[in-house]
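With mmCIF, C-alpha atoms and all ligand atoms inside, this is input39.cif:
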data_structure
#
loop_
_atom_site.label_atom_id
_atom_site.label_comp_id
_atom_site.auth_asym_id
_atom_site.auth_seq_id
_atom_site.Cartn_x
_atom_site.Cartn_y
_atom_site.Cartn_z
CA MET Y 52 -7.78 6.39 4.09
CA ALA Y 53 -5.78 5.35 1.03
CA ALA Y 54 -3.12 2.76 1.66
CA PRO Y 55 0.36 4.23 1.97
CA PRO Y 56 2.90 3.53 -0.76
CA PRO Y 57 4.73 0.24 -0.31
CA PRO Y 58 7.37 0.97 2.29
CA ASP Y 59 10.64 0.24 0.64
CA ASP Y 60 13.61 0.93 2.81
CA ARG Y 61 14.42 4.23 1.21
CA SER Y 62 11.07 5.85 1.79
CA ALA Y 63 12.14 8.04 4.71
CA GLY Y 64 10.11 11.19 4.31
CA THR Y 65 6.82 9.37 3.78
CA ARG Y 66 4.45 9.76 6.69
CA LEU Y 67 3.41 6.89 8.88
CA PRO Y 68 0.24 5.17 7.71
CA GLY Y 69 -2.75 6.58 9.50
CA ARG Y 70 -0.72 9.47 10.90
CA PRO Y 71 -0.56 12.15 8.19
CA ASP Y 72 0.70 14.70 10.70
CA GLY Y 73 2.80 12.24 12.59
CA PRO Y 74 6.45 11.33 12.32
CA GLU Y 75 8.17 9.97 9.27
CA TRP Y 76 8.77 6.29 8.76
CA LEU Y 77 10.49 4.79 11.73
CA THR Y 78 13.65 3.45 10.16
CA VAL Y 79 16.08 1.08 11.81
CA THR Y 80 18.49 3.96 12.11
CA SER Y 81 18.91 7.58 11.11
CA PRO Y 82 22.30 9.06 10.33
CA LEU Y 83 24.03 11.36 12.76
CA LEU Y 84 24.58 14.54 10.74
CA PRO Y 85 26.33 17.84 11.41
CA ASP Y 86 24.59 21.23 11.55
CA LEU Y 87 24.79 23.03 8.23
CA ASP Y 88 25.99 26.18 10.03
CA GLU Y 89 28.99 24.32 11.38
CA LEU Y 90 29.63 22.41 8.19
CA VAL Y 91 29.67 25.25 5.66
CA PRO Y 92 32.73 27.15 7.01
CA LEU Y 93 34.75 23.96 7.16
CA LEU Y 94 33.80 22.96 3.62
CA ALA Y 95 34.71 26.50 2.53
CA ASP Y 96 38.09 26.07 4.19
CA VAL Y 97 38.66 22.80 2.31
CA LEU Y 98 37.94 24.62 -0.95
CA ASP Y 99 40.26 27.47 0.03
CA ARG Y 100 43.08 25.08 0.77
CA ARG Y 101 42.59 23.37 -2.62
CA TRP Y 102 43.88 20.16 -1.01
CA VAL Y 103 40.87 17.87 -1.08
CA THR Y 104 42.14 14.31 -0.66
CA ASN Y 105 45.36 12.21 -0.34
CA GLN Y 106 45.75 12.53 3.44
CA GLY Y 107 44.71 16.13 3.72
CA HIS Y 108 44.72 18.36 6.78
CA TYR Y 109 41.28 17.31 8.06
CA ALA Y 110 41.75 13.60 7.36
CA ARG Y 111 44.93 13.61 9.45
CA GLN Y 112 43.18 15.57 12.22
CA LEU Y 113 40.31 13.10 12.20
CA GLU Y 114 42.71 10.15 12.46
CA LEU Y 115 44.25 11.66 15.60
CA GLU Y 116 40.90 12.51 17.17
CA LEU Y 117 39.40 9.11 16.36
CA ALA Y 118 42.42 7.28 17.77
CA ALA Y 119 41.99 9.24 21.01
CA ARG Y 120 38.22 8.61 21.10
CA LEU Y 121 38.62 4.89 20.44
CA GLY Y 122 41.49 4.55 22.90
CA VAL Y 123 44.02 3.18 20.42
CA PRO Y 124 47.53 4.50 19.72
CA GLU Y 125 47.03 4.74 15.98
CA LEU Y 126 44.25 4.58 13.42
CA LEU Y 127 44.12 4.63 9.62
CA LEU Y 128 41.06 6.16 7.97
CA ILE Y 129 39.89 3.92 5.12
CA THR Y 130 37.24 4.67 2.53
CA ASN Y 131 34.86 2.05 3.97
CA CYS Y 132 34.95 -1.04 6.17
CA THR Y 133 34.65 -3.45 3.23
CA ILE Y 134 37.86 -2.14 1.65
CA ALA Y 135 39.49 -2.03 5.10
CA LEU Y 136 38.76 -5.75 5.56
CA GLU Y 137 40.12 -6.58 2.11
CA MET Y 138 43.27 -4.59 2.79
CA ALA Y 139 43.71 -6.22 6.21
CA VAL Y 140 43.47 -9.73 4.79
CA LEU Y 141 45.72 -9.04 1.79
CA GLU Y 142 48.38 -7.41 3.97
CA ALA Y 143 48.34 -9.68 7.00
CA VAL Y 144 47.00 -13.10 6.05
CA PRO Y 145 49.11 -15.69 4.21
CA PRO Y 146 47.31 -17.71 1.51
CA GLY Y 147 45.18 -20.53 2.88
CA GLU Y 148 41.98 -21.27 4.75
CA VAL Y 149 40.38 -18.47 6.73
CA ILE Y 150 37.99 -19.56 9.46
CA CYS Y 151 35.09 -17.17 9.33
CA THR Y 152 31.80 -16.69 11.16
CA ALA Y 153 28.75 -17.91 9.22
CA TYR Y 154 26.68 -15.05 10.67
CA SER Y 155 27.49 -11.58 9.39
CA PHE Y 156 26.99 -9.06 6.61
CA PRO Y 157 28.56 -10.34 3.36
CA ALA Y 158 31.21 -7.62 3.47
CA THR Y 159 32.97 -9.73 6.08
CA TRP Y 160 33.85 -12.56 3.70
CA ASN Y 161 33.13 -11.51 0.10
CA MET Y 162 36.78 -11.02 -0.74
CA LEU Y 163 37.70 -14.44 0.63
CA PHE Y 164 35.63 -15.96 -2.18
CA GLU Y 165 36.86 -13.71 -4.92
CA ASN Y 166 40.56 -13.95 -4.27
CA SER Y 167 41.95 -17.37 -5.14
CA ARG Y 168 44.64 -17.09 -2.44
CA TYR Y 169 41.99 -17.72 0.19
CA ARG Y 170 39.28 -20.22 1.02
CA PRO Y 171 36.66 -19.28 3.61
CA VAL Y 172 35.72 -22.00 6.09
CA PHE Y 173 32.49 -21.05 7.80
CA VAL Y 174 31.82 -22.02 11.40
CA ASP Y 175 28.93 -21.57 13.78
CA ILE Y 176 28.18 -18.96 16.41
CA GLY Y 177 27.44 -19.11 20.13
CA ASP Y 178 24.37 -17.82 21.93
CA ARG Y 179 25.33 -14.15 21.56
CA PHE Y 180 25.84 -14.34 17.77
CA CYS Y 181 29.66 -14.28 17.98
CA ILE Y 182 31.89 -16.92 16.41
CA ASP Y 183 32.13 -20.00 18.65
CA PRO Y 184 35.78 -20.59 19.71
CA ALA Y 185 35.19 -24.35 20.04
CA ALA Y 186 33.94 -24.45 16.42
CA VAL Y 187 37.01 -22.45 15.36
CA GLU Y 188 39.35 -24.91 17.06
CA ALA Y 189 37.56 -27.85 15.45
CA ALA Y 190 37.89 -26.33 11.95
CA ILE Y 191 41.66 -25.81 12.03
CA THR Y 192 43.69 -27.72 9.44
CA PRO Y 193 47.33 -27.44 8.33
CA MET Y 194 46.04 -25.00 5.65
CA THR Y 195 44.48 -22.57 8.13
CA THR Y 196 46.10 -19.14 8.21
CA ALA Y 197 43.63 -16.84 9.97
CA ILE Y 198 40.46 -16.36 11.96
CA MET Y 199 37.98 -13.72 10.80
CA ALA Y 200 35.62 -12.79 13.65
CA VAL Y 201 32.85 -10.21 13.96
CA HIS Y 202 31.36 -8.46 17.01
CA PRO Y 203 27.69 -8.60 15.87
CA TYR Y 204 25.43 -5.75 17.04
CA GLY Y 205 28.14 -4.79 19.57
CA PHE Y 206 28.48 -8.12 21.40
CA PRO Y 207 32.23 -8.60 21.94
CA CYS Y 208 33.69 -11.90 20.81
CA ASP Y 209 35.50 -14.12 23.30
CA ASP Y 210 38.84 -12.50 22.55
CA GLY Y 211 40.69 -14.44 25.25
CA ALA Y 212 39.72 -17.78 23.71
CA LEU Y 213 40.27 -16.67 20.10
CA LYS Y 214 43.65 -15.12 20.90
CA ALA Y 215 44.77 -18.31 22.64
CA ILE Y 216 43.75 -20.42 19.63
CA ALA Y 217 45.45 -18.02 17.22
CA ARG Y 218 48.67 -18.08 19.24
CA ARG Y 219 48.65 -21.86 19.64
CA HIS Y 220 48.28 -22.42 15.89
CA GLY Y 221 50.21 -19.42 14.58
CA LEU Y 222 47.12 -17.81 12.98
CA ARG Y 223 46.27 -14.21 12.29
CA LEU Y 224 43.22 -12.86 14.14
CA ILE Y 225 41.30 -10.21 12.21
CA TYR Y 226 38.23 -8.55 13.67
CA ASP Y 227 35.40 -7.06 11.67
CA ALA Y 228 34.66 -4.27 14.15
CA ALA Y 229 32.02 -2.61 11.95
CA HIS Y 230 29.50 -2.45 14.81
CA VAL Y 231 31.69 -1.56 17.79
CA PHE Y 232 32.60 2.11 17.62
CA GLY Y 233 33.50 3.07 21.20
CA VAL Y 234 32.81 -0.37 22.71
CA SER Y 235 35.23 -1.58 25.37
CA GLN Y 236 35.44 -4.49 27.78
CA ASP Y 237 37.18 -4.19 31.18
CA GLY Y 238 38.73 -0.92 30.09
CA VAL Y 239 40.21 -2.33 26.87
CA PRO Y 240 38.77 -0.91 23.64
CA LEU Y 241 37.78 -3.58 21.12
CA GLY Y 242 39.90 -1.81 18.51
CA ALA Y 243 42.95 -3.01 20.44
CA TRP Y 244 42.04 -6.69 20.04
CA GLY Y 245 43.53 -9.06 17.47
CA ASP Y 246 46.13 -8.28 14.84
CA LEU Y 247 43.81 -5.82 13.10
CA SER Y 248 40.28 -4.45 13.50
CA ALA Y 249 38.21 -2.88 10.73
CA PHE Y 250 35.56 -0.29 11.69
CA SER Y 251 32.66 0.98 9.60
CA PHE Y 252 31.72 4.66 9.56
CA HIS Y 253 28.82 4.15 7.15
CA ALA Y 254 25.76 6.40 7.45
CA THR Y 255 23.82 3.59 9.15
CA LYS Y 256 26.39 3.24 11.95
CA VAL Y 257 26.45 4.93 15.36
CA TYR Y 258 29.25 7.17 14.12
CA ASN Y 259 29.63 7.99 10.46
CA THR Y 260 31.61 9.91 7.87
CA LEU Y 261 28.79 9.30 5.32
CA GLU Y 262 30.76 6.37 3.87
CA GLY Y 263 33.91 5.48 5.75
CA GLY Y 264 35.91 3.15 7.88
CA ALA Y 265 39.17 2.64 9.73
CA LEU Y 266 41.83 0.13 10.63
CA THR Y 267 43.42 -0.23 14.05
CA GLY Y 268 45.84 -2.75 15.49
CA ASP Y 269 49.45 -3.83 15.15
CA PRO Y 270 51.57 -0.71 14.45
CA GLU Y 271 53.91 -2.48 12.05
CA LEU Y 272 50.96 -3.76 10.00
CA LEU Y 273 49.35 -0.31 10.06
CA GLU Y 274 52.52 1.20 8.65
CA ARG Y 275 52.35 -1.22 5.71
CA LEU Y 276 48.62 -0.66 5.37
CA ALA Y 277 49.15 3.10 5.09
CA ARG Y 278 51.14 2.37 1.92
CA ARG Y 279 48.57 -0.17 0.72
CA ARG Y 280 45.87 2.50 1.14
CA ASN Y 281 47.79 4.72 -1.30
CA PHE Y 282 48.22 2.24 -4.20
CA GLY Y 283 51.20 0.62 -2.46
CA LEU Y 284 53.46 3.52 -3.38
CA VAL Y 285 56.69 3.62 -1.35
CA GLY Y 286 58.05 7.15 -1.33
CA ASP Y 287 58.56 8.73 -4.74
CA ASP Y 288 60.37 5.95 -6.51
CA GLN Y 289 59.17 2.48 -5.49
CA LEU Y 290 56.06 0.44 -6.08
CA GLY Y 291 54.29 -2.00 -3.82
CA PHE Y 292 50.93 -3.75 -3.94
CA GLY Y 293 47.96 -1.70 -2.93
CA THR Y 294 44.64 -0.12 -3.61
CA ASN Y 295 42.91 3.22 -3.21
CA GLY Y 296 41.51 3.30 0.31
CA LYS Y 297 41.80 7.05 0.94
CA VAL Y 298 39.24 9.39 2.47
CA ASP Y 299 38.55 12.86 1.07
CA GLU Y 300 38.45 16.09 3.04
CA PHE Y 301 34.68 16.61 2.82
CA ARG Y 302 34.04 13.32 4.54
CA ALA Y 303 36.78 14.04 7.08
CA VAL Y 304 35.07 17.32 7.98
CA VAL Y 305 31.74 15.54 8.47
CA GLY Y 306 33.59 13.03 10.64
CA LEU Y 307 35.15 15.73 12.82
CA LEU Y 308 31.79 17.41 13.41
CA ASN Y 309 30.03 14.10 14.08
CA LEU Y 310 32.70 13.17 16.59
CA LYS Y 311 31.59 16.12 18.73
CA ARG Y 312 28.04 14.77 18.83
CA VAL Y 313 28.49 11.03 18.93
CA ASP Y 314 28.48 10.70 22.73
CA ALA Y 315 25.14 12.51 22.96
CA ALA Y 316 23.81 10.30 20.16
CA ILE Y 317 24.91 7.14 21.99
CA ALA Y 318 23.26 8.41 25.20
CA ALA Y 319 20.02 9.01 23.27
CA ARG Y 320 20.23 5.51 21.79
CA MET Y 321 20.79 4.04 25.25
CA ALA Y 322 17.63 5.79 26.43
CA VAL Y 323 15.70 4.13 23.59
CA ALA Y 324 17.23 0.74 24.46
CA ASP Y 325 16.28 1.16 28.11
CA ALA Y 326 12.73 2.16 27.18
CA TYR Y 327 12.41 -0.99 25.03
CA LEU Y 328 13.92 -3.10 27.80
CA ALA Y 329 11.37 -1.71 30.26
CA ALA Y 330 8.32 -2.02 28.00
CA LEU Y 331 8.81 -5.17 25.91
CA PRO Y 332 8.99 -7.78 28.71
CA ALA Y 333 5.69 -6.41 30.08
CA LEU Y 334 4.00 -7.53 26.84
CA GLY Y 335 4.51 -11.14 27.91
CA ILE Y 336 5.09 -12.36 24.35
CA ASP Y 337 6.01 -16.01 24.49
CA GLY Y 338 9.08 -16.68 22.33
CA LEU Y 339 10.33 -13.07 22.20
CA THR Y 340 13.95 -12.87 23.40
CA LEU Y 341 15.62 -9.58 24.29
CA TYR Y 342 19.31 -9.02 24.94
CA PRO Y 343 19.66 -6.70 27.95
CA ASP Y 344 23.32 -7.70 28.33
CA LEU Y 345 24.04 -6.01 24.99
CA PHE Y 346 23.41 -2.73 26.80
CA HIS Y 347 24.30 -3.50 30.40
CA ALA Y 348 27.11 -5.94 31.13
CA PRO Y 349 29.79 -5.85 33.81
CA GLY Y 350 32.92 -4.02 32.68
CA ARG Y 351 31.46 -3.14 29.31
CA VAL Y 352 30.99 0.22 27.62
CA THR Y 353 28.40 -0.25 24.87
CA ASN Y 354 27.21 1.88 21.97
CA ALA Y 355 23.54 0.86 21.52
CA SER Y 356 24.07 0.53 17.78
CA TYR Y 357 21.40 -2.13 17.24
CA PHE Y 358 18.41 -3.48 19.14
CA PRO Y 359 18.13 -7.12 18.03
CA VAL Y 360 15.21 -9.23 19.19
CA ARG Y 361 14.70 -12.90 18.49
CA LEU Y 362 11.33 -14.32 17.47
CA ASP Y 363 11.18 -18.02 18.17
CA PRO Y 364 9.34 -20.03 15.48
CA ALA Y 365 8.84 -22.87 17.98
CA ALA Y 366 6.65 -20.48 19.97
CA GLY Y 367 4.63 -19.69 16.82
CA LEU Y 368 6.39 -16.42 16.00
CA ASP Y 369 7.19 -15.84 12.33
CA ARG Y 370 9.97 -13.26 12.02
CA ASP Y 371 9.26 -12.48 8.36
CA ALA Y 372 5.53 -12.03 9.00
CA VAL Y 373 6.27 -9.70 11.92
CA HIS Y 374 8.75 -7.77 9.77
CA SER Y 375 6.08 -7.29 7.08
CA ALA Y 376 3.37 -6.44 9.60
CA LEU Y 377 5.53 -3.73 11.15
CA LYS Y 378 5.97 -2.17 7.71
CA THR Y 379 2.23 -1.69 7.45
CA ARG Y 380 2.55 0.49 10.54
CA GLY Y 381 5.41 2.49 9.07
CA ILE Y 382 8.16 0.69 10.97
CA LEU Y 383 11.16 -0.39 8.92
CA ALA Y 384 12.87 -2.94 11.12
CA LYS Y 385 15.73 -4.84 9.48
CA ARG Y 386 16.54 -8.52 9.19
CA TYR Y 387 20.24 -8.20 10.00
CA PHE Y 388 21.65 -10.69 9.01
CA PHE Y 389 19.40 -12.28 6.40
CA PRO Y 390 20.42 -13.72 4.09
CA THR Y 391 23.78 -14.63 5.50
CA ALA Y 392 26.38 -17.30 4.78
CA ALA Y 393 24.35 -19.82 6.74
CA SER Y 394 21.11 -19.03 4.91
CA SER Y 395 21.97 -18.14 1.31
CA GLU Y 396 21.86 -20.30 -1.80
CA LEU Y 397 24.97 -18.52 -3.01
CA TYR Y 398 27.13 -20.33 -0.48
CA ALA Y 399 25.37 -23.70 -0.62
CA ASN Y 400 28.57 -25.42 -1.77
CA GLN Y 401 30.64 -23.82 0.96
CA VAL Y 402 28.35 -23.95 3.97
CA ARG Y 403 26.34 -26.96 5.01
CA ALA Y 404 23.34 -25.77 6.98
CA ALA Y 405 23.77 -28.72 9.33
CA ASP Y 406 27.25 -27.46 10.26
CA VAL Y 407 26.04 -24.00 11.28
CA PRO Y 408 22.63 -24.54 12.90
CA ARG Y 409 22.82 -21.60 15.31
CA ALA Y 410 23.82 -19.13 12.60
CA ARG Y 411 21.09 -20.41 10.31
CA ALA Y 412 18.43 -20.25 13.04
CA ALA Y 413 19.49 -16.73 14.02
CA SER Y 414 19.33 -15.58 10.40
CA HIS Y 415 15.66 -16.65 10.29
CA ALA Y 416 14.69 -15.38 13.75
CA VAL Y 417 16.42 -12.04 14.49
CA LEU Y 418 14.89 -8.65 13.80
CA CYS Y 419 16.61 -5.34 14.54
CA LEU Y 420 14.14 -2.75 15.82
CA PRO Y 421 14.53 0.97 15.14
CA ILE Y 422 17.03 2.61 17.44
CA HIS Y 423 18.55 6.01 16.86
CA HIS Y 424 19.24 9.38 18.42
CA GLN Y 425 16.16 11.10 17.00
CA MET Y 426 13.55 8.68 18.32
CA THR Y 427 10.98 10.07 20.74
CA ASP Y 428 9.12 8.34 23.58
CA GLY Y 429 6.12 8.26 21.23
CA ASP Y 430 8.18 6.45 18.59
CA VAL Y 431 9.22 3.82 21.13
CA ASP Y 432 5.59 3.39 22.23
CA HIS Y 433 4.55 2.99 18.59
CA VAL Y 434 7.14 0.24 18.03
CA VAL Y 435 6.22 -1.52 21.27
CA ASP Y 436 2.47 -1.41 20.55
CA SER Y 437 3.01 -2.50 16.96
CA LEU Y 438 5.28 -5.38 17.93
CA ALA Y 439 2.66 -6.58 20.42
CA TRP Y 440 0.03 -6.41 17.68
CA ALA Y 441 2.26 -8.06 15.07
CA CYS Y 442 3.23 -10.92 17.39
CA THR Y 443 -0.17 -11.62 18.86
CA ALA Y 444 -2.41 -10.94 15.86
CA ARG Y 445 -0.22 -13.34 13.83
CA PRO Y 446 -1.08 -11.53 10.58
N1 LIG Y 501 30.86 -5.80 8.42
C1 LIG Y 501 29.66 -5.78 9.00
C2 LIG Y 501 29.40 -6.69 10.15
C3 LIG Y 501 28.68 -4.89 8.53
O1 LIG Y 501 27.45 -4.87 9.11
C4 LIG Y 501 28.99 -4.04 7.45
C5 LIG Y 501 28.00 -3.12 6.91
C6 LIG Y 501 30.27 -4.08 6.89
C7 LIG Y 501 31.20 -4.99 7.41
C8 LIG Y 501 30.69 -3.19 5.76
O2 LIG Y 501 30.75 -1.84 6.16
P1 LIG Y 501 30.84 -0.65 5.06
O3 LIG Y 501 31.70 -1.15 3.93
O4 LIG Y 501 29.41 -0.33 4.64
O5 LIG Y 501 31.51 0.49 5.80
C9 LIG Y 501 23.44 -1.29 5.78
C10 LIG Y 501 24.76 -0.64 5.44
O6 LIG Y 501 24.81 -0.22 4.06
C11 LIG Y 501 25.95 -1.46 5.75
O7 LIG Y 501 27.02 -0.55 5.96
C12 LIG Y 501 25.75 -2.26 7.03
N2 LIG Y 501 26.85 -3.06 7.40
C13 LIG Y 501 24.53 -3.13 6.91
C14 LIG Y 501 24.33 -4.00 8.14
O8 LIG Y 501 23.42 -2.27 6.78
P2 LIG Y 501 21.20 -1.62 4.48
O9 LIG Y 501 20.98 -2.33 3.20
O10 LIG Y 501 20.44 -2.03 5.68
O11 LIG Y 501 20.99 -0.04 4.32
P3 LIG Y 501 19.68 0.78 3.93
O12 LIG Y 501 20.04 1.64 2.78
O13 LIG Y 501 18.51 -0.12 3.79
O14 LIG Y 501 19.50 1.70 5.22
C15 LIG Y 501 18.88 1.25 6.42
C16 LIG Y 501 18.07 2.41 6.99
O15 LIG Y 501 18.94 3.44 7.38
C17 LIG Y 501 17.09 3.04 6.02
O16 LIG Y 501 15.82 2.42 6.10
C18 LIG Y 501 17.00 4.47 6.47
C19 LIG Y 501 18.35 4.73 7.13
N3 LIG Y 501 19.23 5.51 6.26
C20 LIG Y 501 20.15 4.90 5.45
C21 LIG Y 501 20.97 5.65 4.66
C22 LIG Y 501 22.01 4.98 3.77
C23 LIG Y 501 19.10 6.88 6.26
O17 LIG Y 501 18.22 7.43 6.97
N4 LIG Y 501 19.94 7.63 5.50
C24 LIG Y 501 20.90 7.07 4.71
O18 LIG Y 501 21.67 7.80 4.03
O19 LIG Y 501 22.77 -1.78 4.70
#

Full structure transcribed into structure tokens:
Amino acid sequence: MAAPPPPDDRSAGTRLPGRPDGPEWLTVTSPLLPDLDELVPLLADVLDRRWVTNQGHYARQLELELAARLGVPELLLITNCTIALEMAVLEAVPPGEVICTAYSFPATWNMLFENSRYRPVFVDIGDRFCIDPAAVEAAITPMTTAIMAVHPYGFPCDDGALKAIARRHGLRLIYDAAHVFGVSQDGVPLGAWGDLSAFSFHATKVYNTLEGGALTGDPELLERLARRRNFGLVGDDQLGFGTNGKVDEFRAVVGLLNLKRVDAAIAARMAVADAYLAALPALGIDGLTLYPDLFHAPGRVTNASYFPVRLDPAAGLDRDAVHSALKTRGILAKRYFFPTAASSELYANQVRAADVPRARAASHAVLCLPIHHQMTDGDVDHVVDSLAWACTARP
């Protein structure tokens, strides 16, 4: 059989190699999408109203429903998480050094480089990929003004420790909550932690509004951020500093419909995670680490947004070779987060690899396997079999 086309990450729709009648490429995720039958009348209503953006009817409704779903008193819809993070920093963080995790997607820190008011100071992570509070404490100087932490894959940071450090040193604590829709610990939703949290509702996330995001947190800051979202305008006759962070009515409608289905989608993802957790240890692959506590931990409600595995080079496993080998079987796993601050030339002057060894090692060893609400038992079996082949055949 002819070789399949090179599997770039946007080739959903191409059939799996060797399985012309089989499923499409197994991508790391697949967006939760509304039924067209439900969507069309709502889009028609938006057109009828002729009010299509600038805090319209559906955007406001979605804010209320999302706040209730996420267990927070208030929530601001923002056009995406990247802009939400920028807005959060500009509104809440005084100029100075911002202590930031060296292990994340670049959206977490990009603006800290490009705005001369701030200087990012990267620190290492602990064994569950979250920023290490001891490293944070050690990096504090008289210039430090904030801590920027991320909950990678859904692992909650050590909020108790970070909050105590922030209080002791008078720092802002901003969470990049892009991965933690619906995650809570001991009954407290993660969106209630820190001064502000920024969520992502991008198509690749558990819950999406196509592109989108939100801010939660301190009510007084949120009030200011609502103005910042709308160019900084204050009423009809005053200006403030701001940007355009608004969400249009079409995306709000998608968000409302997706909200009705997200719990079923998370349950389906959990079933995939549990199937992986049952099957992968039985392969007996030396150097393959799974993270069952990402899905089952005391007091935690999780969202099964990612299924990270770690491939230990010391055991002879080559993450990049496995990643490529899986592609030849139609499986598009993702190297989240590679490159990252700890592993990119771009930041060589800012981050010394020796200062962030755990972040650097993780960036070269972690692979996120496909996990989404449309995966079948057969898809899981295909990933498990292929991972066994890719790890043991050492292609
Ligand atoms: N903070 C953190 C910690 C983040 O991880 C992110 C974003 C942000 C902040 C910023 O959030 P936003 O500003 O985006 O709200 C994706 C996402 O674009 C990005 O949102 C995400 N994190 C990052 C971790 O992953 P890619 O480059 O992996 O996406 P892509 O296009 O390769 O898609 C992955 C797979 O998803 C495809 O193979 C198939 C599937 N897919 C994707 C799209 C877009 C679909 O089936 N349909 C689709 O429409 O970046």

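Between Ala95 in chain Y and the candidates Y:Pro171, Y:Gly268, Y:Val304, Y:Arg380, the tightest atom-to-atom separation, counting only C-alpha atoms, involves Y:Val304.
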
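Between CA of Asp371 in chain Y and CA of Asp178 in chain Y the interatomic distance comes to 21.0 Å.
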
Pick from Y:Gly286, Y:Gly177, Y:Gly306, Y:Pro184 nearest to Leu83 in chain Y, counting all atoms listed in the file:
Y:Gly306

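Shortest atom-to-atom contact with His347 in chain Y among Y:Thr130, Y:Gln236, Y:Gln112, Y:Ser375: Y:Gln236, counting only C-alpha atoms.
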
Please, what distance in Å, to one decimal, runs between CA of Cys132 in chain Y and CA of His253 in chain Y?
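Interatomic distance, CA of Cys132 in chain Y to CA of His253 in chain Y: 8.1 Å.
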
Find the residues near range 393-399 of chain Y: any atom within 7 Å, counting all atoms listed in the file, skip ones fewer than 4 places away on the same chain, and give them as JSON, numbers by chain.
{"Y": [153, 154, 403, 404, 407, 410, 411, 414]}

Which residues are near Thr255 in chain Y? Cut-off 12 Å, only C-alpha atoms, ignore same chain within fewer than 6 positions. Put them as a PyMOL selection string.
chain Y and resi 78-84+229-230+261-263+356-357+385+421-424

For Leu272 in chain Y, find every residue with an atom within 10 Å (counting only C-alpha atoms), except residues of its own chain fewer than 4 positions away, and show them as a compact mmCIF listing (two decimals) with C-alpha atoms, keeping the file's coordinate frame.
# COMPACT_ATOMS: atom_id res chain seq x y z
CA ALA Y 139 43.71 -6.22 6.21
CA GLU Y 142 48.38 -7.41 3.97
CA ALA Y 143 48.34 -9.68 7.00
CA ASP Y 246 46.13 -8.28 14.84
CA LEU Y 247 43.81 -5.82 13.10
CA LEU Y 266 41.83 0.13 10.63
CA THR Y 267 43.42 -0.23 14.05
CA GLY Y 268 45.84 -2.75 15.49
CA LEU Y 276 48.62 -0.66 5.37
CA ALA Y 277 49.15 3.10 5.09

Interatomic distance, CA of Gly338 in chain Y to CA of Asp436 in chain Y (Å, one decimal):
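Computing the Euclidean distance for CA of Gly338 in chain Y and CA of Asp436 in chain Y yields 16.7 Å.
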
Expected axis-aligned box over every listed atom of range 352-361 of chain Y, 8 Å added per side, centre plus edges in Å to one decimal, as JSON:
{"center_x": 22.8, "center_y": -5.5, "center_z": 22.4, "size_x": 32.3, "size_y": 30.8, "size_z": 26.4}

Excluding same-chain residues fewer than 6 positions from Ala441 in chain Y, what lies within 7 Å of it counting all atoms listed in the file, as an mmCIF file with C-alpha atoms, keeping the file's coordinate frame?
data_model
loop_
_atom_site.group_PDB
_atom_site.id
_atom_site.type_symbol
_atom_site.label_atom_id
_atom_site.label_comp_id
_atom_site.auth_asym_id
_atom_site.auth_seq_id
_atom_site.Cartn_x
_atom_site.Cartn_y
_atom_site.Cartn_z
ATOM 1 C CA VAL Y 373 6.270 -9.700 11.920
ATOM 2 C CA ALA Y 376 3.370 -6.440 9.600
ATOM 3 C CA LEU Y 377 5.530 -3.730 11.150
#

Considering only C-alpha atoms and all ligand atoms, state which residue in the set Y:Thr196, Y:Thr443, Y:Ser248, Y:Gln401 is at the smallest distance from ligand LIG 501 (chain Y).
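Looking only at the distances to ligand LIG 501 (chain Y), the closest residue turns out to be Y:Ser248.
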
Closest of Y:Trp440, Y:Tyr258, Y:Phe282, Y:Phe252 to ligand LIG 501 (chain Y) - atom-to-atom distances counting only C-alpha atoms and all ligand atoms:
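Of Y:Trp440, Y:Tyr258, Y:Phe282, Y:Phe252, the one nearest ligand LIG 501 (chain Y) is Y:Phe252, counting only C-alpha atoms and all ligand atoms.
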
Which polymer residues, whether protein, DNA or RNA, lie within 12 Å of the coordinate (47.3, -21.0, 19.8) when you count only C-alpha atoms? List them as an NGL selection string, using the chain letters and numbers from the file.
:Y and (184 or 187-188 or 191 or 196-198 or 211-224)

Residue with smallest distance to ligand LIG 501 (chain Y) - pool Y:Asp210, Y:Asp227, Y:Asp86, Y:Asp183, counting only C-alpha atoms and all ligand atoms
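Checking each of Y:Asp210, Y:Asp227, Y:Asp86, Y:Asp183 against ligand LIG 501 (chain Y), counting only C-alpha atoms and all ligand atoms, the winner is Y:Asp227.
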
Residues near range 365-368 of chain Y, cut-off 12 Å, all atoms listed in the file, skip fewer than 4 positions along chain, as a list in words
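Non-adjacent residues within range: Ile336, Asp337, Gly338, Leu339, Thr340, Val360, Arg361, Ala372, Val373, His374, Ala412, His415, Ala416, Val417, Leu418, Leu438, Ala439, Trp440, Ala441, Cys442, Thr443, Ala444, Arg445 and Pro446 of chain Y.
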